[in-house]
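Following: one structure in C-alpha cells, then a few remarks.
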Amino acid sequence: MQELIKIVLKSGKDQSMLRFHPWVFSGAIKKIYGSVKEGDLVKVYNNKDQYLGTGHYQPGSIAIRIVTFNDEPVDDAFWFNRIEKAWNWRLTAGLHHEQNNIFRMINAEGDQMPGLVVDFYNGILVFQAHSMGMYAIRDVLVKAFKEILGEKLTAVYDKSESTLSYKADGRQPNSYLYGKGQGKAAVENGLLFKIGWETGQKTGFFIDQRENRELLSNYSRDKKVLNMFGYTGGFSVYALAGKAKLVHSVDSSGPAIDLTRENVALNFADASNHEAYCTDAFKYLEEMEENAYDVIVLDPPAFAKHHNVLNNALQGYKKLNSKAIAKIAPGGILFTFSCSQAVSRENFRKSVFTAATHSGRAVQILHQLTQPVDHPVSIYHPEGEYLKGLVVRVD
C-alpha cells in the first residue's frame, strides 16, 4: 500500500483529536509533507510527532475527516467491517421487517464513516457522499453492500452530485451504481410511501422523523391537523392513520404536494378529509383563521447551515412559532422542529420560549424530541445531534 501523506498540526491544536473529535480544521494545520489532493487519505500528527489519526483530506474549513484514530490499514477490509457493524446494528434495533423497510443504514460520523450517508428504502440504497474521500471509494463500498446485504439489496443509487463541492474533480451526475430502482413503495411502521430518491430532497424522505411521526399519530384522533412544510406528506399520512378529523398539508413545492397526494392515496381509499396546498408556509400561517387547527406541525428546512447566519435563523424560528402559538386552538398541540446543525438545543428552546412569551398564552412542554436510533450520534461529535424538537400544549 502506498505510504500516506503526513500532516502535522500546530502546537496545541491536537486537543480535539486527543478527545476523538473527527474533524481537523484548516487553521490547525502547520505543515503538509508532500503533494495532497482532495479525497486523499492522510496521516495526522501533532507537533511532537505523535500519531493522532488517519482521514480524508479536502480543501475548505473542515480539512480532514478522521476515519480512524488507530494506526491501521484503511483498506477494503476496513470499510467492510465498518459497513457490517452499521448494518448489524440496524438489524439488532429491529428496523428491517415486514412492517418497516425504511431506515438510515450509515449515518456519517455516528457510524464512524464521516462524509457518508446511506439510506435504505425497500432494497434500494441511496448513497450520498459529502466528501471526495468517500466518493472516490464508492466501488469498494458498493461491493461491500452487495456482500453484506445479499438478496436484501436490489439497487444502489448515487445521489452525491449536490453534496460534493462543485469544484470537486471527478464528480459525476447522479446515477445507479448497481441495479435499477423498481418504483415500488416502501413501508414505514406499516404505512406505505413512494420515495422520490432520484428527484426529491436529501435522499428522498426524511427518515429521521419516523418516531416523531408515530407520536403525532397518537395525538391526532378527532383533531384538525395542519402539517406545515409537509414535503411528501409523512406527518400527514400518520395523522390520517391516527384518525384525525381533517388534515391539511402545506408546502411551497408543487412536486412535493403531488407526492403527498400520492402517498395519502396509497394508504387510504377515502381521503376526503385531506387537502394539500402549494403555497408559502409563512403566508399560510399569516392568513389562516385563529382556532382553525387543534394540532400543528412545524418542520421547516434548515434555517441555518452555518453559524454566521445563526441569528437570522433564530429569528425565523421565533417568527414561525409565534404565529402558530398565537393561532392554534385552545388546548392545541404544537410539534415544532429544527434540523439546523448550527442551532443548539438550548437556542432552539429559547426561540420557542420567546415566541410563547409574546403570545401571552400558557404553554407546557410535553416532549423533547430528537433523531431516532438509526441516526446515532458519536459522543465525541455532538454536532451530529442536528434534529431538535418540542411538543408543547397551548391553552
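Going by the C-alpha cells order, chains are called A, B, ..., each with residues numbered from 1, while ligands are numbered from 1 in the order shown.
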
Residues within 6 Å of range 262-278 of chain A, only C-alpha atoms, excluding chain neighbours under 2 positions, as JSON, numbers by chain: {"A": [193, 237, 246, 247, 248, 249, 250, 251, 252, 254, 259, 260]}

Near range 185-191 of chain A, within 6 Å and counting only C-alpha atoms, which residues show up once chain neighbours fewer than 3 positions away are dropped, as a compact mmCIF listing (two decimals) with N, CA, C and O atoms, in the first residue's frame?
# COMPACT_ATOMS: atom_id res chain seq x y z
N GLN A 99 -43.11 -4.86 8.38
CA GLN A 99 -43.84 -3.60 8.55
C GLN A 99 -42.94 -2.37 8.49
O GLN A 99 -43.42 -1.25 8.64
N ASN A 100 -41.64 -2.57 8.26
CA ASN A 100 -40.74 -1.43 8.15
C ASN A 100 -39.51 -1.79 7.33
O ASN A 100 -38.73 -2.67 7.69
N ASN A 101 -39.34 -1.12 6.19
CA ASN A 101 -38.12 -1.30 5.40
C ASN A 101 -37.58 0.05 4.93
O ASN A 101 -37.03 0.18 3.84
N ILE A 102 -37.74 1.04 5.79
CA ILE A 102 -37.17 2.37 5.58
C ILE A 102 -36.32 2.71 6.79
O ILE A 102 -36.83 2.75 7.91
N TYR A 121 -34.29 1.97 1.35
CA TYR A 121 -35.71 2.05 1.02
C TYR A 121 -36.12 0.76 0.31
O TYR A 121 -35.97 0.64 -0.90
N ASN A 122 -36.61 -0.19 1.07
CA ASN A 122 -37.16 -1.42 0.49
C ASN A 122 -36.21 -2.04 -0.55
O ASN A 122 -36.61 -2.36 -1.67
N LYS A 194 -44.25 6.31 -1.34
CA LYS A 194 -43.48 6.36 -2.57
C LYS A 194 -42.31 7.32 -2.33
O LYS A 194 -42.52 8.46 -1.94

Among range 30-251 of chain A, which ones does DSSP assign to strand (DSSP E or B) (computed from the backbone)? Answer as a ChimeraX atom specification. /A:30-33,41-45,51-57,62-68,97,100,102-107,116-121,124-129,155-158,175-179,186-188,191-193,224-228,246-251

Those same residues, written as a PDB file, in the first residue's frame with C-alpha atoms?
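part14.pdb written:
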ATOM      1  CA  LYS A  30       1.088  23.535  10.453  1.00  0.00           C
ATOM      2  CA  LYS A  31       2.651  21.632   7.558  1.00  0.00           C
ATOM      3  CA  ILE A  32       1.775  19.154   4.808  1.00  0.00           C
ATOM      4  CA  TYR A  33       4.656  16.891   3.807  1.00  0.00           C
ATOM      5  CA  LEU A  41      -6.095   9.549   2.814  1.00  0.00           C
ATOM      6  CA  VAL A  42      -3.585  11.317   5.073  1.00  0.00           C
ATOM      7  CA  LYS A  43      -1.988  10.642   8.448  1.00  0.00           C
ATOM      8  CA  VAL A  44      -2.218  13.349  11.095  1.00  0.00           C
ATOM      9  CA  TYR A  45       0.457  14.031  13.716  1.00  0.00           C
ATOM     10  CA  TYR A  51       0.312   9.916  15.524  1.00  0.00           C
ATOM     11  CA  LEU A  52      -3.254  11.139  16.003  1.00  0.00           C
ATOM     12  CA  GLY A  53      -5.368   9.625  13.236  1.00  0.00           C
ATOM     13  CA  THR A  54      -5.972   8.891   9.565  1.00  0.00           C
ATOM     14  CA  GLY A  55      -8.569  10.647   7.459  1.00  0.00           C
ATOM     15  CA  HIS A  56      -9.711  12.056   4.139  1.00  0.00           C
ATOM     16  CA  TYR A  57      -8.268  15.402   3.082  1.00  0.00           C
ATOM     17  CA  ILE A  62     -13.039  21.096   7.545  1.00  0.00           C
ATOM     18  CA  ALA A  63      -9.722  19.992   6.072  1.00  0.00           C
ATOM     19  CA  ILE A  64      -9.609  16.382   7.291  1.00  0.00           C
ATOM     20  CA  ARG A  65     -12.377  13.962   8.279  1.00  0.00           C
ATOM     21  CA  ILE A  66     -10.849  11.314  10.522  1.00  0.00           C
ATOM     22  CA  VAL A  67     -11.877   7.724   9.765  1.00  0.00           C
ATOM     23  CA  THR A  68      -9.712   6.030  12.415  1.00  0.00           C
ATOM     24  CA  HIS A  97     -39.047  -6.338   8.996  1.00  0.00           C
ATOM     25  CA  ASN A 100     -40.736  -1.432   8.152  1.00  0.00           C
ATOM     26  CA  ILE A 102     -37.171   2.375   5.577  1.00  0.00           C
ATOM     27  CA  PHE A 103     -34.166   3.363   7.704  1.00  0.00           C
ATOM     28  CA  ARG A 104     -30.769   5.036   7.650  1.00  0.00           C
ATOM     29  CA  MET A 105     -28.047   2.452   7.184  1.00  0.00           C
ATOM     30  CA  ILE A 106     -24.971   4.686   7.594  1.00  0.00           C
ATOM     31  CA  ASN A 107     -25.053   7.970   9.490  1.00  0.00           C
ATOM     32  CA  LEU A 116     -21.094   9.325   4.056  1.00  0.00           C
ATOM     33  CA  VAL A 117     -24.861   8.969   4.400  1.00  0.00           C
ATOM     34  CA  VAL A 118     -26.685   5.879   3.120  1.00  0.00           C
ATOM     35  CA  ASP A 119     -30.447   5.326   3.395  1.00  0.00           C
ATOM     36  CA  PHE A 120     -32.334   2.067   2.808  1.00  0.00           C
ATOM     37  CA  TYR A 121     -35.711   2.054   1.017  1.00  0.00           C
ATOM     38  CA  ILE A 124     -32.738   0.434  -2.599  1.00  0.00           C
ATOM     39  CA  LEU A 125     -29.685   2.062  -1.035  1.00  0.00           C
ATOM     40  CA  VAL A 126     -29.391   5.784  -1.675  1.00  0.00           C
ATOM     41  CA  PHE A 127     -25.773   6.840  -1.324  1.00  0.00           C
ATOM     42  CA  GLN A 128     -24.706  10.429  -0.581  1.00  0.00           C
ATOM     43  CA  ALA A 129     -21.033  11.271  -0.244  1.00  0.00           C
ATOM     44  CA  ALA A 155     -30.005  -1.352  -6.241  1.00  0.00           C
ATOM     45  CA  VAL A 156     -27.595   1.367  -5.141  1.00  0.00           C
ATOM     46  CA  TYR A 157     -28.277   4.917  -6.306  1.00  0.00           C
ATOM     47  CA  ASP A 158     -25.560   7.554  -6.026  1.00  0.00           C
ATOM     48  CA  SER A 175     -26.758   7.545 -11.319  1.00  0.00           C
ATOM     49  CA  TYR A 176     -27.248   3.905 -10.329  1.00  0.00           C
ATOM     50  CA  LEU A 177     -24.049   2.224  -9.169  1.00  0.00           C
ATOM     51  CA  TYR A 178     -25.770  -1.152  -9.057  1.00  0.00           C
ATOM     52  CA  GLY A 179     -29.147  -2.421 -10.285  1.00  0.00           C
ATOM     53  CA  ALA A 186     -41.534   1.312   0.829  1.00  0.00           C
ATOM     54  CA  VAL A 187     -43.069   0.676   4.254  1.00  0.00           C
ATOM     55  CA  GLU A 188     -42.609   2.661   7.458  1.00  0.00           C
ATOM     56  CA  LEU A 191     -47.651   2.761   6.195  1.00  0.00           C
ATOM     57  CA  LEU A 192     -46.783   2.953   2.502  1.00  0.00           C
ATOM     58  CA  PHE A 193     -44.661   5.693   0.938  1.00  0.00           C
ATOM     59  CA  LYS A 224     -57.894  19.091  12.907  1.00  0.00           C
ATOM     60  CA  VAL A 225     -54.230  18.802  11.922  1.00  0.00           C
ATOM     61  CA  LEU A 226     -52.033  21.191   9.930  1.00  0.00           C
ATOM     62  CA  ASN A 227     -48.780  19.851   8.512  1.00  0.00           C
ATOM     63  CA  MET A 228     -46.549  22.785   7.555  1.00  0.00           C
ATOM     64  CA  LEU A 246     -59.110  16.545   8.893  1.00  0.00           C
ATOM     65  CA  VAL A 247     -55.546  17.038   7.741  1.00  0.00           C
ATOM     66  CA  HIS A 248     -54.157  19.903   5.667  1.00  0.00           C
ATOM     67  CA  SER A 249     -50.687  19.653   4.102  1.00  0.00           C
ATOM     68  CA  VAL A 250     -48.762  22.787   3.086  1.00  0.00           C
ATOM     69  CA  ASP A 251     -45.556  23.024   1.050  1.00  0.00           C
TER      70      ASP A 251
END

Write out as a Markdown table the residues of range 119-222 of chain A that have any atom within 10 Å of an atom of range 333-342 of chain A, one row each with the nearest atom pair and its distance in Å to one decimal, counting only C-alpha atoms, sorted by chain and then rising number.
| residue | atom | partner | partner_atom | distance |
| --- | --- | --- | --- | --- |
| A:Asp208 | CA | A:Cys339 | CA | 9.7 |
| A:Gln209 | CA | A:Phe337 | CA | 9.8 |
| A:Asn212 | CA | A:Phe335 | CA | 8.8 |
| A:Arg213 | CA | A:Phe335 | CA | 9.8 |
| A:Leu215 | CA | A:Phe335 | CA | 9.7 |
| A:Leu216 | CA | A:Phe335 | CA | 7.9 |
| A:Tyr219 | CA | A:Ile333 | CA | 7.9 |
| A:Ser220 | CA | A:Ile333 | CA | 9.4 |

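CA of Lys152 in chain A to CA of Leu95 in chain A spans 13.3 Å [interatomic distance, one decimal].
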
Could you tell me how far CA of His367 in chain A sits from CA of Gln112 in chain A, in Å to one decimal place? 29.3 Å

Write out as an MDAnalysis selection string which residues come within 10 Å of range 321-328 of chain A when counting only C-alpha atoms, dropping same-chain ones fewer than 2 positions away. chainID A and resid 226 282 285:286 288:298 315:319 330:337 351:363 392:395

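When CA of Leu91 in chain A is paired with CA of Leu141 in chain A, their separation reads 19.1 Å.
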
Apply DSSP to the structure's backbone, then extract all residues of range 137-355 of chain A labelled helix (DSSP H, G or I) and return them as a PyMOL selection string. chain A and resi 138-152+207-218+234-241+254-267+281-287+307-327+345-355
